[in-house]
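Taking it in order: structure first as structure tokens, then the write-up.
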Amino acid sequence: MKNDIIISEISLKEKLIHHFEENITTLTADETPLFKEIRLKAMDTFMKKGFPHTKLEDWRSTNLSKSINKEYTLQLGNPEVKLDVSTIFKCDIHHLDTFLVTLYNGWFLGNEDITILKDGTIIGSFSKACVLYPDLVEAHFSKYASIENNSINALNAAFALDGVFIYVPDNVTVSKTIQIVNIINTEDNLFIQPRNLVILGKNSKLQLVHCDHSIEHKYTFINSVTEIVIGEGSTVDHYKLQNKDNDSTQITSTYFNQAANSTLTSNVITLNGGLIRNNLYVKMEGKGCTANMNGVFLIDKDQHVDNFLLVEHCNTDSVSHQLYKGILDDQSMGVFTGHILVKKDAQRTNAFQNNKNILLTDKATMHTQPHLEIYADDVKCSHGATVGQLDQEALFYMRSRGIRENTSRMLLMYAFAAEVINKIQIVPLRKQIDELVYRRLKGELSDCDQCILDCNANRQISFDIDLSRL
């Protein structure tokens, strides 16, 4: 099997199909019959449907045509690089003690393919886990990320070779936050398809931080699929941090499946990126589930961010909250689609959704589509969406106190984003994200010529802004 395959810009779909067929024997070598069946079915779906396009309802505001009309390299074999991760990546989050898991161009990188902690937690390569724990992986792989009707999931499943596998046994609280870093380092344009599987048993707890890091800024297309299984009474605190270059395309699909009395907190922080599509699917199968989904994105230039959320309430007494905010400058485009589905048996459901956005220019655009679909009669559900500009009364108030207009605008944007950032439970991470958002606003989205939050001053600064006015 070739490690590097150049894909022509002409008909990317056909070239992917050709390379799949050319390498099918090696792709399915040593796989169980079930894995082989899933891979073949997945390619069959992709052959029929191809890449998502704007004629599809869920994709009508996100056009992939520019991204798929480029030349890409696929690495279908493990590059088996020998690197000291510390020489190419050092986490900037001070005092954040994590168990670092590294993917290098989508392939697991570590001295050991599988690590078993003292509490029984398993962390390691997805491909290695398929060999060592086939029954455990087969019980969940592709059970939540459907390949029948979703072509982008199908493409990932067809070519899925490696990623991260995490298993947390019953009654285990993982003491350290697990941090997954996908490092992109190549002189070629890469098409990368990591596959991650996270499984929690009963009454367990896990904090997971997932971020991307680029060394070389080439055109990259990352199609990532993550399935997270949350056992009965378990808790997952999940963070996705996006700060990529403008030449990147990211489709990140995360599937959460919740058993009874489980709790999920999802946080998506987007500071930079060329074209980003975040698909988040939450299926609350058990009774008494709780899901809190928070997100904030700050974009400018020609950047495009599309957040698509589907929350399914399948059983009784479940609660979900969604809060997503966006700040858009220049000619950037944002999309928010929030779909809450309350099924017939999901009585006593509470589901709330809120999407707020600020446009800083006349050329910036935001498409927001809240959607409630309710089949139960004993529920409390609401949704709201706003798209507007900065509050002029708040600006006038701050200027009347001697703060210049540009500084006032920056502070209002900062306070607007802070409502989401303050929900981050990991204190060192919250402080770092807070600082990154402030720097992003100061350097890109506004001209801060007289900032009272002087970053060179060794002093504490506080200011009070009425968030209800934003």
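Every chain in the structure tokens has a letter given in the order shown (A, B, ...), and although residue numbers restart at 1 in each chain, ligands are simply numbered from 1 in the order shown.
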Contact check, region 26-131 of chain A to region 267-279 of chain A, at most 9 Å, counting only C-alpha atoms, closest pairs as JSON lines:
{"residue": "A:Thr62", "atom": "CA", "partner": "A:Arg277", "partner_atom": "CA", "distance": 8.1}
{"residue": "A:Leu64", "atom": "CA", "partner": "A:Leu275", "partner_atom": "CA", "distance": 8.5}
{"residue": "A:Ser67", "atom": "CA", "partner": "A:Leu275", "partner_atom": "CA", "distance": 8.4}
### Message
Using DSSP assignments from the backbone, pull out every residue in region 99-254 of chain A that falls under strand (DSSP E) and give it to me as a VMD selection string.
### Response
chain A and resid 99 to 104 107 to 109 114 to 116 122 to 125 164 to 168 177 to 184 190 to 192 195 to 200 205 to 214 220 to 230 235 to 243 248 to 254
### Query
What's the 7 Å shell around Ala346 (chain A), counting only C-alpha atoms, without same-chain residues fewer than 3 positions away, as a count of residues only?
8
Wanna dump the region 257-371 of chain A-region 389-410 of chain A contacts at 12 Å for me, each residue with its shortest atom pair and the distance in Å to one decimal, counting only C-alpha atoms, ordered by chain and number, as JSON lines?
{"residue": "A:Gly326", "atom": "CA", "partner": "A:Gln389", "partner_atom": "CA", "distance": 11.4}
{"residue": "A:Ile327", "atom": "CA", "partner": "A:Gln389", "partner_atom": "CA", "distance": 9.5}
{"residue": "A:Leu328", "atom": "CA", "partner": "A:Gln389", "partner_atom": "CA", "distance": 10.0}
{"residue": "A:Asp329", "atom": "CA", "partner": "A:Gln389", "partner_atom": "CA", "distance": 10.9}
{"residue": "A:Lys356", "atom": "CA", "partner": "A:Gln389", "partner_atom": "CA", "distance": 10.6}
{"residue": "A:Asn357", "atom": "CA", "partner": "A:Gln389", "partner_atom": "CA", "distance": 8.1}
{"residue": "A:Ile358", "atom": "CA", "partner": "A:Gln389", "partner_atom": "CA", "distance": 5.1}
{"residue": "A:Leu359", "atom": "CA", "partner": "A:Gln389", "partner_atom": "CA", "distance": 5.4}
{"residue": "A:Leu360", "atom": "CA", "partner": "A:Gln389", "partner_atom": "CA", "distance": 6.4}
{"residue": "A:Thr361", "atom": "CA", "partner": "A:Gln389", "partner_atom": "CA", "distance": 8.6}
{"residue": "A:Asp362", "atom": "CA", "partner": "A:Gln389", "partner_atom": "CA", "distance": 9.8}
{"residue": "A:Ala364", "atom": "CA", "partner": "A:Gln389", "partner_atom": "CA", "distance": 10.9}
{"residue": "A:Thr365", "atom": "CA", "partner": "A:Gln389", "partner_atom": "CA", "distance": 11.7}
{"residue": "A:Met366", "atom": "CA", "partner": "A:Gln389", "partner_atom": "CA", "distance": 11.8}
#### Entry: Distance in Å - CA of Met413 (chain A) versus CA of Lys363 (chain A)
18.1 Å
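When only C-alpha atoms are used to compute distances to Ala160 (chain A), the closest of the residues A:Arg39, A:Asn189, A:Ser125, A:Thr235 turns out to be A:Arg39.
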### Task
Go through region 69-254 of chain A and collect every residue that DSSP, computed from the backbone, puts in helix (DSSP H, G or I); the answer should be as a list of chain:residue names.
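Matching residues for helix (DSSP H, G or I) in region 69-254 of chain A are A:Val85, A:Ser86, A:Thr87, A:Ile88, A:Phe126, A:Ser127, A:Lys128, A:Ala129, A:Cys130, A:Val131, A:Leu132, A:Pro134, A:Asp135, A:Leu136, A:Val137, A:Glu138, A:Ser151, A:Ile152, A:Asn153, A:Ala154, A:Leu155, A:Asn156, A:Ala157, A:Ala158, A:Phe159.
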### Shell around Leu155 (chain A) at 7 Å using only C-alpha atoms, local window under 2 positions removed, as a list of chain:residue names
A:Ala42, A:Met43, A:Phe46, A:Ser151, A:Ile152, A:Asn153, A:Ala157, A:Ala158, A:Phe159
Go ahead and save the residues from that selection, with C-alpha atoms, as a compact mmCIF listing (two decimals), in the first residue's frame.
# COMPACT_ATOMS: atom_id res chain seq x y z
CA ALA A 42 -19.42 3.17 4.21
CA MET A 43 -17.73 3.45 0.82
CA PHE A 46 -20.07 7.71 -0.22
CA SER A 151 -21.75 10.75 3.47
CA ILE A 152 -19.07 12.60 5.43
CA ASN A 153 -19.31 10.02 8.24
CA ALA A 157 -15.45 5.15 8.23
CA ALA A 158 -14.25 3.93 4.83
CA PHE A 159 -10.72 5.30 5.33
